[in-house]
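Visitor: Handing over model-v2.txt, compact mmCIF, C-alpha atoms.
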# COMPACT_ATOMS: atom_id res chain seq x y z
CA MET A 1 113.81 98.37 101.06
CA SER A 2 110.59 98.55 99.14
CA ILE A 3 108.70 96.76 101.94
CA LYS A 4 108.92 100.10 103.77
CA ALA A 5 107.60 102.07 100.80
CA LYS A 6 105.08 104.76 101.72
CA TRP A 7 102.33 103.54 99.39
CA LEU A 8 102.12 100.34 101.46
CA ASN A 9 101.11 102.41 104.51
CA LYS A 10 97.88 103.41 102.79
CA VAL A 11 96.67 99.82 103.14
CA LYS A 12 94.95 99.04 106.46
CA TRP A 13 96.63 95.77 107.38
CA ASP A 14 94.63 93.64 109.79
CA GLU A 15 95.77 92.45 113.25
CA ASN A 16 97.85 89.76 111.52
CA GLY A 17 99.42 92.19 109.07
CA LEU A 18 97.31 90.85 106.21
CA VAL A 19 94.87 92.20 103.67
CA PRO A 20 92.23 90.18 101.75
CA VAL A 21 92.83 90.03 98.00
CA ILE A 22 90.40 89.29 95.18
CA ALA A 23 91.86 88.15 91.85
CA GLN A 24 89.75 89.01 88.83
CA GLU A 25 90.47 88.02 85.24
CA VAL A 26 91.13 90.83 82.79
CA GLY A 27 88.71 90.69 79.89
CA SER A 28 86.09 88.25 81.21
CA ASN A 29 86.00 90.02 84.58
CA ASP A 30 85.50 86.60 86.19
CA VAL A 31 86.40 86.39 89.86
CA LEU A 32 89.09 83.72 89.94
CA MET A 33 90.12 83.38 93.55
CA PHE A 34 90.51 84.97 96.93
CA ALA A 35 93.68 85.02 99.03
CA TRP A 36 95.71 87.14 101.45
CA MET A 37 98.79 89.33 101.24
CA ASN A 38 101.18 90.87 103.74
CA ARG A 39 103.37 93.91 103.00
CA GLU A 40 106.08 91.79 101.45
CA ALA A 41 103.64 89.91 99.22
CA LEU A 42 102.07 93.11 97.89
CA SER A 43 105.49 94.69 97.37
CA LYS A 44 106.74 91.59 95.52
CA THR A 45 103.57 91.52 93.41
CA VAL A 46 104.34 95.02 92.19
CA GLU A 47 108.02 94.23 91.67
CA LEU A 48 107.43 91.02 89.70
CA GLY A 49 104.22 92.01 87.97
CA GLU A 50 102.88 88.62 89.06
CA ALA A 51 100.64 87.74 91.99
CA VAL A 52 102.47 86.81 95.18
CA TYR A 53 100.22 85.92 98.12
CA TRP A 54 100.76 85.03 101.75
CA SER A 55 99.84 81.43 102.44
CA ARG A 56 98.19 81.39 105.87
CA SER A 57 98.36 77.58 106.07
CA ARG A 58 102.02 77.29 105.07
CA LYS A 59 102.94 80.61 106.69
CA LYS A 60 105.10 81.74 103.80
CA LEU A 61 105.05 83.76 100.60
CA TRP A 62 103.32 81.98 97.77
CA HIS A 63 104.20 83.02 94.25
CA LYS A 64 101.00 81.85 92.59
CA GLY A 65 101.85 79.27 89.94
CA GLU A 66 105.23 78.33 91.43
CA GLU A 67 104.19 74.67 91.37
CA SER A 68 101.31 74.58 88.91
CA GLY A 69 102.70 77.04 86.38
CA HIS A 70 99.40 78.89 86.65
CA VAL A 71 100.93 82.29 87.28
CA GLN A 72 98.87 85.47 87.30
CA LYS A 73 100.26 88.41 85.36
CA VAL A 74 99.05 91.54 87.09
CA HIS A 75 97.50 94.25 84.91
CA GLU A 76 96.07 96.47 87.59
CA ILE A 77 95.87 96.80 91.36
CA ARG A 78 92.94 98.43 93.10
CA LEU A 79 92.23 99.34 96.72
CA ASP A 80 88.73 99.76 98.14
CA CYS A 81 87.14 102.75 99.87
CA ASP A 82 88.08 101.53 103.36
CA GLU A 83 91.59 100.70 102.17
CA ASP A 84 91.40 97.23 103.64
CA VAL A 85 90.74 95.07 100.56
CA VAL A 86 92.84 94.70 97.39
CA LEU A 87 91.57 93.78 93.93
CA LEU A 88 94.00 92.42 91.34
CA LYS A 89 93.16 92.37 87.65
CA VAL A 90 95.16 89.50 86.23
CA GLU A 91 95.88 87.49 83.13
CA GLN A 92 95.55 83.87 84.25
CA ALA A 93 98.05 81.41 82.72
CA ASP A 94 96.18 78.52 81.04
CA GLY A 95 92.93 80.09 82.27
CA ILE A 96 93.15 77.87 85.35
CA ALA A 97 93.25 79.54 88.77
CA CYS A 98 91.89 76.76 90.97
CA HIS A 99 93.90 73.87 92.42
CA THR A 100 91.04 71.58 91.37
CA GLY A 101 91.91 72.34 87.74
CA ARG A 102 88.98 74.67 87.21
CA HIS A 103 88.96 78.18 85.76
CA SER A 104 87.74 79.80 88.96
CA CYS A 105 87.66 78.70 92.58
CA PHE A 106 84.01 79.74 92.81
CA PHE A 107 82.55 76.68 91.14
CA GLN A 108 80.00 75.65 93.77
CA LYS A 109 76.57 77.12 93.23
CA PHE A 110 73.83 77.40 95.81
CA GLU A 111 70.51 75.87 94.84
CA GLY A 112 67.34 75.68 96.88
CA ASP A 113 65.89 77.83 99.63
CA ALA A 114 66.92 78.90 103.12
CA LYS A 115 65.63 75.68 104.67
CA ASN A 116 66.69 73.16 102.07
CA GLY A 117 69.68 74.34 100.15
CA GLU A 118 72.54 72.53 98.47
CA TRP A 119 75.85 73.43 96.87
CA HIS A 120 76.54 71.97 93.45
CA ALA A 121 79.79 71.98 91.46
CA VAL A 122 78.73 73.58 88.19
CA GLU A 123 82.00 74.34 86.41
CA PRO A 124 84.11 71.83 84.47
CA VAL A 125 87.56 70.59 85.45
CA LEU A 126 89.82 71.80 82.64
CA LYS A 127 92.90 69.86 83.68
CA ASP A 128 93.38 66.91 86.03
CA PRO A 129 95.07 68.11 89.26
CA ASP A 130 97.35 65.03 89.06
CA GLU A 131 98.61 66.42 85.78
CA ILE A 132 99.03 69.91 87.21
CA TYR A 133 100.94 68.91 90.35
CA LYS A 134 102.93 65.93 89.09
CA MET B 1 65.01 77.70 112.25
CA SER B 2 66.77 78.13 108.94
CA ILE B 3 69.94 79.35 110.67
CA LYS B 4 70.47 75.67 111.57
CA ALA B 5 69.95 74.50 107.98
CA LYS B 6 72.40 71.84 106.85
CA TRP B 7 73.65 73.74 103.79
CA LEU B 8 75.09 76.40 106.11
CA ASN B 9 77.40 73.76 107.64
CA LYS B 10 79.21 73.37 104.35
CA VAL B 11 80.66 76.87 104.82
CA LYS B 12 83.86 76.98 106.86
CA TRP B 13 83.12 79.86 109.21
CA ASP B 14 86.21 81.52 110.67
CA GLU B 15 87.06 81.81 114.37
CA ASN B 16 84.58 84.69 114.62
CA GLY B 17 81.83 82.77 112.86
CA LEU B 18 82.24 84.85 109.71
CA VAL B 19 82.94 84.27 106.04
CA PRO B 20 84.34 86.83 103.55
CA VAL B 21 81.91 87.79 100.79
CA ILE B 22 82.59 89.31 97.37
CA ALA B 23 79.70 91.07 95.62
CA GLN B 24 79.93 91.04 91.84
CA GLU B 25 77.54 92.77 89.45
CA VAL B 26 75.52 90.55 87.14
CA GLY B 27 76.13 91.48 83.52
CA SER B 28 79.20 93.71 83.82
CA ASN B 29 80.89 91.24 86.18
CA ASP B 30 82.35 94.25 88.01
CA VAL B 31 83.49 93.57 91.56
CA LEU B 32 81.38 95.97 93.62
CA MET B 33 82.38 95.43 97.22
CA PHE B 34 83.69 93.09 99.85
CA ALA B 35 82.05 92.38 103.20
CA TRP B 36 81.42 89.65 105.76
CA MET B 37 78.53 87.37 106.68
CA ASN B 38 77.69 85.17 109.63
CA ARG B 39 75.23 82.23 109.47
CA GLU B 40 72.25 84.47 110.05
CA ALA B 41 73.31 86.95 107.36
CA LEU B 42 73.76 84.24 104.74
CA SER B 43 70.49 82.60 105.71
CA LYS B 44 68.65 85.96 105.51
CA THR B 45 70.29 86.70 102.17
CA VAL B 46 68.77 83.52 100.75
CA GLU B 47 65.41 84.18 102.40
CA LEU B 48 65.11 87.77 101.18
CA GLY B 49 66.92 87.40 97.88
CA GLU B 50 68.83 90.54 98.87
CA ALA B 51 72.31 90.88 100.33
CA VAL B 52 72.44 90.95 104.12
CA TYR B 53 75.92 91.30 105.61
CA TRP B 54 77.36 91.31 109.10
CA SER B 55 78.75 94.71 110.00
CA ARG B 56 81.91 94.08 112.00
CA SER B 57 82.12 97.72 113.11
CA ARG B 58 78.47 98.01 114.21
CA LYS B 59 78.31 94.37 115.30
CA LYS B 60 74.91 93.78 113.75
CA LEU B 61 73.19 92.54 110.63
CA TRP B 62 73.33 95.03 107.80
CA HIS B 63 70.70 94.74 105.10
CA LYS B 64 72.68 96.44 102.34
CA GLY B 65 70.74 99.50 101.15
CA GLU B 66 68.68 99.86 104.32
CA GLU B 67 69.76 103.50 104.57
CA SER B 68 70.97 104.33 101.08
CA GLY B 69 68.34 102.42 99.14
CA HIS B 70 71.18 100.76 97.25
CA VAL B 71 69.99 97.21 97.80
CA GLN B 72 71.56 94.26 96.05
CA LYS B 73 69.19 91.74 94.49
CA VAL B 74 70.91 88.38 94.61
CA HIS B 75 70.94 86.35 91.40
CA GLU B 76 73.40 83.67 92.38
CA ILE B 77 75.48 82.52 95.33
CA ARG B 78 78.79 80.71 94.89
CA LEU B 79 81.19 79.06 97.32
CA ASP B 80 84.88 78.55 96.61
CA CYS B 81 86.96 75.35 96.55
CA ASP B 82 88.01 75.71 100.20
CA GLU B 83 84.46 76.55 101.21
CA ASP B 84 85.58 79.61 103.10
CA VAL B 85 84.69 82.45 100.70
CA VAL B 86 81.29 83.39 99.24
CA LEU B 87 80.67 85.15 95.93
CA LEU B 88 77.35 86.90 95.34
CA LYS B 89 76.19 87.83 91.87
CA VAL B 90 73.93 90.80 92.35
CA GLU B 91 71.85 93.41 90.62
CA GLN B 92 72.92 96.70 92.17
CA ALA B 93 70.16 99.29 92.76
CA ASP B 94 71.09 102.58 91.05
CA GLY B 95 74.41 101.00 90.05
CA ILE B 96 75.93 102.44 93.22
CA ALA B 97 77.50 100.03 95.72
CA CYS B 98 79.97 102.33 97.47
CA HIS B 99 79.16 104.69 100.35
CA THR B 100 81.23 107.33 98.52
CA GLY B 101 78.56 107.36 95.80
CA ARG B 102 80.66 105.40 93.32
CA HIS B 103 79.71 102.31 91.32
CA SER B 104 82.30 100.10 92.98
CA CYS B 105 84.28 100.34 96.21
CA PHE B 106 87.47 99.51 94.28
CA PHE B 107 88.05 102.97 92.83
CA GLN B 108 91.64 103.54 93.94
CA LYS B 109 94.20 102.44 91.39
CA PHE B 110 97.86 101.76 92.07
CA GLU B 111 100.29 103.69 89.90
CA GLY B 112 104.07 103.61 90.00
CA ASP B 113 106.58 100.99 91.05
CA ALA B 114 107.44 99.10 94.23
CA LYS B 115 109.53 101.97 95.58
CA ASN B 116 107.45 104.93 94.53
CA GLY B 117 103.82 104.01 94.23
CA GLU B 118 100.64 105.98 94.69
CA TRP B 119 96.93 105.27 94.88
CA HIS B 120 94.66 107.41 92.72
CA ALA B 121 90.88 107.64 92.74
CA VAL B 122 89.99 106.89 89.12
CA GLU B 123 86.24 106.34 89.18
CA PRO B 124 83.58 109.08 89.20
CA VAL B 125 81.22 109.86 92.06
CA LEU B 126 77.78 109.16 90.62
CA LYS B 127 75.80 110.60 93.51
CA ASP B 128 76.76 112.91 96.35
CA PRO B 129 76.90 110.92 99.61
CA ASP B 130 75.04 113.81 101.32
CA GLU B 131 72.19 113.12 98.93
CA ILE B 132 72.36 109.37 99.54
CA TYR B 133 72.38 109.53 103.34
CA LYS B 134 70.21 112.56 103.98
Please re-express this file's structure in structure tokens.
Guide:
Amino acid sequence: MSIKAKWLNKVKWDENGLVPVIAQEVGSNDVLMFAWMNREALSKTVELGEAVYWSRSRKKLWHKGEESGHVQKVHEIRLDCDEDVVLLKVEQADGIACHTGRHSCFFQKFEGDAKNGEWHAVEPVLKDPDEIYK
Amino acid sequence: MSIKAKWLNKVKWDENGLVPVIAQEVGSNDVLMFAWMNREALSKTVELGEAVYWSRSRKKLWHKGEESGHVQKVHEIRLDCDEDVVLLKVEQADGIACHTGRHSCFFQKFEGDAKNGEWHAVEPVLKDPDEIYK
């Protein structure tokens, strides 16, 4: 079973058997989203060539795009120096990674100073979430 | 005290009072590293305009570059849709973010398939770590 594959042992899984994952868009290099994977999710990601995460809230594998159609075709997988963070370079279907219908999940920008700061949504909604998840 | 500032309440701190942070290079958009912050670290980051993380291993604030000189000047701070991940857009001193002397911490690339995969270091060491931490 590929979940026991040796290359998966190189990853330092945390106390919950998970590793943080950053998804970055090929070409633009935009950071699209952040999620988690367990051994099975990372193994499946390699098998399918599409991002499969572990949903901590639903406690199950989450093939990104399974509902929205916004799948992520994986071009490259990187591991960091401490071997406890994964970086995926992906092609984002429809250019929409966020469940709010935006390109990237990181659409809230800090403005102000340490005492009086605010977060402002600065990126456009490309598709109505009601349309995405109908 | 700015650690009590209202804008910090928007962040969903985890059970340890931490939030995951991705540092991305302004211009190239390269993902440089991944670390953690607590309220004080994020507040200090805004105050100084330089990245201050929380070192989970040393259990103390870590002003990135305090030893290596490889400070990160912060250009922008973003928060994701779930408000539980922070993205910093930074200018990286000397273009070296990694303690191995590389540009980015994500220098190990996956090669192979789900059964027989390997991780290969594919990015050059720009400066000898013995030089950096002498």
Visitor: Point out the residue among B:Lys109, B:Arg39, B:Lys10, B:Lys59 with the least atom-to-atom distance to Glu76 in chain A, counting all atoms listed in the file.
Guide: B:Lys109
Visitor: So, with all atoms listed in the file as the atoms that count, which of B:Arg56, B:Lys44, B:Lys4, B:Lys64 lies closest to His99 in chain B?
Guide: B:Lys64
Visitor: Please determine the residues with any atom at most 12 Å from (105.4, 90.8, 100.2) (coordinates as given in the file, with only C-alpha atoms counting) and report them as a PyMOL selection string.
Guide: (chain A and resi 1-5+8+17-19+36-48+50-55+60-63) or (chain B and resi 114)
Visitor: What does the structure give for the distance between CA of Glu118 in chain A and CA of Lys6 in chain B, in Å to one decimal?
Guide: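 We find that CA of Glu118 in chain A and CA of Lys6 in chain B lie 8.4 Å from each other.
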Visitor: So, with all atoms listed in the file as the atoms that count, which of A:Asn9, A:Asp14, A:Asp113, A:Asp128 lies closest to Val85 in chain A?
Guide: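 Of A:Asn9, A:Asp14, A:Asp113, A:Asp128, the one nearest Val85 in chain A is A:Asp14, counting all atoms listed in the file.
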Visitor: May I ask for the distance between CA of Pro20 in chain B and CA of Asp84 in chain B, given in Å to one decimal place?
Guide: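 So the two atoms, CA of Pro20 in chain B and CA of Asp84 in chain B, lie 7.3 Å apart.
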Visitor: Please provide the set of residues having any atom within 7 Å of Phe34 in chain B, restricted to all atoms listed in the file, with same-chain residues fewer than 6 positions apart removed, written as an MDAnalysis selection string.
Guide: chainID B and resid 21:23
Visitor: Would you mind putting all heavy atoms back on range 82-93 of chain B and writing the result as a compact mmCIF listing (two decimals), in the frame of the given file?
Guide:
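Listed below is the output, out.txt:
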# COMPACT_ATOMS: atom_id res chain seq x y z
N ASP B 82 87.70 75.96 98.79
CA ASP B 82 88.01 75.71 100.20
C ASP B 82 86.80 75.92 101.10
O ASP B 82 86.89 75.76 102.32
CB ASP B 82 89.15 76.63 100.67
CG ASP B 82 90.46 76.32 99.98
OD1 ASP B 82 90.68 75.15 99.61
OD2 ASP B 82 91.28 77.24 99.81
N GLU B 83 85.72 76.32 100.49
CA GLU B 83 84.46 76.55 101.21
C GLU B 83 84.56 77.60 102.31
O GLU B 83 83.85 77.53 103.32
CB GLU B 83 83.90 75.22 101.76
CG GLU B 83 83.24 74.43 100.65
CD GLU B 83 83.61 72.96 100.60
OE1 GLU B 83 84.13 72.45 101.59
OE2 GLU B 83 83.39 72.33 99.54
N ASP B 84 85.45 78.56 102.09
CA ASP B 84 85.58 79.61 103.10
C ASP B 84 85.47 81.03 102.52
O ASP B 84 85.83 82.00 103.21
CB ASP B 84 86.86 79.44 103.92
CG ASP B 84 88.13 79.46 103.08
OD1 ASP B 84 88.02 79.67 101.85
OD2 ASP B 84 89.21 79.28 103.66
N VAL B 85 84.97 81.14 101.30
CA VAL B 85 84.69 82.45 100.70
C VAL B 85 83.42 82.34 99.87
O VAL B 85 83.23 81.36 99.15
CB VAL B 85 85.85 82.93 99.78
CG1 VAL B 85 85.59 84.36 99.30
CG2 VAL B 85 87.20 82.86 100.48
N VAL B 86 82.55 83.36 99.98
CA VAL B 86 81.29 83.39 99.24
C VAL B 86 81.35 84.47 98.17
O VAL B 86 81.93 85.54 98.38
CB VAL B 86 80.11 83.64 100.21
CG1 VAL B 86 78.83 83.99 99.45
CG2 VAL B 86 79.89 82.41 101.09
N LEU B 87 80.79 84.17 97.01
CA LEU B 87 80.67 85.15 95.93
C LEU B 87 79.20 85.34 95.61
O LEU B 87 78.48 84.38 95.34
CB LEU B 87 81.40 84.62 94.69
CG LEU B 87 81.31 85.45 93.41
CD1 LEU B 87 82.03 86.78 93.54
CD2 LEU B 87 81.87 84.67 92.21
N LEU B 88 78.73 86.59 95.70
CA LEU B 88 77.35 86.90 95.34
C LEU B 88 77.31 87.55 93.97
O LEU B 88 78.09 88.47 93.71
CB LEU B 88 76.75 87.93 96.30
CG LEU B 88 76.56 87.61 97.77
CD1 LEU B 88 75.84 88.78 98.44
CD2 LEU B 88 75.77 86.33 97.94
N LYS B 89 76.41 87.10 93.13
CA LYS B 89 76.19 87.83 91.87
C LYS B 89 74.91 88.62 92.05
O LYS B 89 73.84 88.05 92.31
CB LYS B 89 76.09 86.85 90.71
CG LYS B 89 77.35 85.97 90.65
CD LYS B 89 77.66 85.47 89.28
CE LYS B 89 78.92 84.63 89.33
NZ LYS B 89 79.36 84.16 88.04
N VAL B 90 75.04 89.93 91.97
CA VAL B 90 73.93 90.80 92.35
C VAL B 90 73.56 91.83 91.28
O VAL B 90 74.38 92.19 90.44
CB VAL B 90 74.26 91.58 93.66
CG1 VAL B 90 74.63 90.63 94.79
CG2 VAL B 90 75.36 92.61 93.44
N GLU B 91 72.33 92.28 91.41
CA GLU B 91 71.85 93.41 90.62
C GLU B 91 71.90 94.59 91.59
O GLU B 91 71.26 94.54 92.65
CB GLU B 91 70.40 93.09 90.22
CG GLU B 91 69.87 93.82 89.05
CD GLU B 91 68.43 93.41 88.81
OE1 GLU B 91 68.11 92.18 88.82
OE2 GLU B 91 67.59 94.32 88.67
N GLN B 92 72.68 95.60 91.24
CA GLN B 92 72.92 96.70 92.17
C GLN B 92 71.96 97.86 91.92
O GLN B 92 72.01 98.47 90.86
CB GLN B 92 74.37 97.17 92.04
CG GLN B 92 74.74 98.38 92.87
CD GLN B 92 74.58 98.11 94.36
OE1 GLN B 92 75.22 97.22 94.90
NE2 GLN B 92 73.70 98.86 95.02
N ALA B 93 71.10 98.17 92.90
CA ALA B 93 70.16 99.29 92.76
C ALA B 93 70.92 100.58 92.48
O ALA B 93 71.90 100.88 93.16
CB ALA B 93 69.31 99.42 94.01
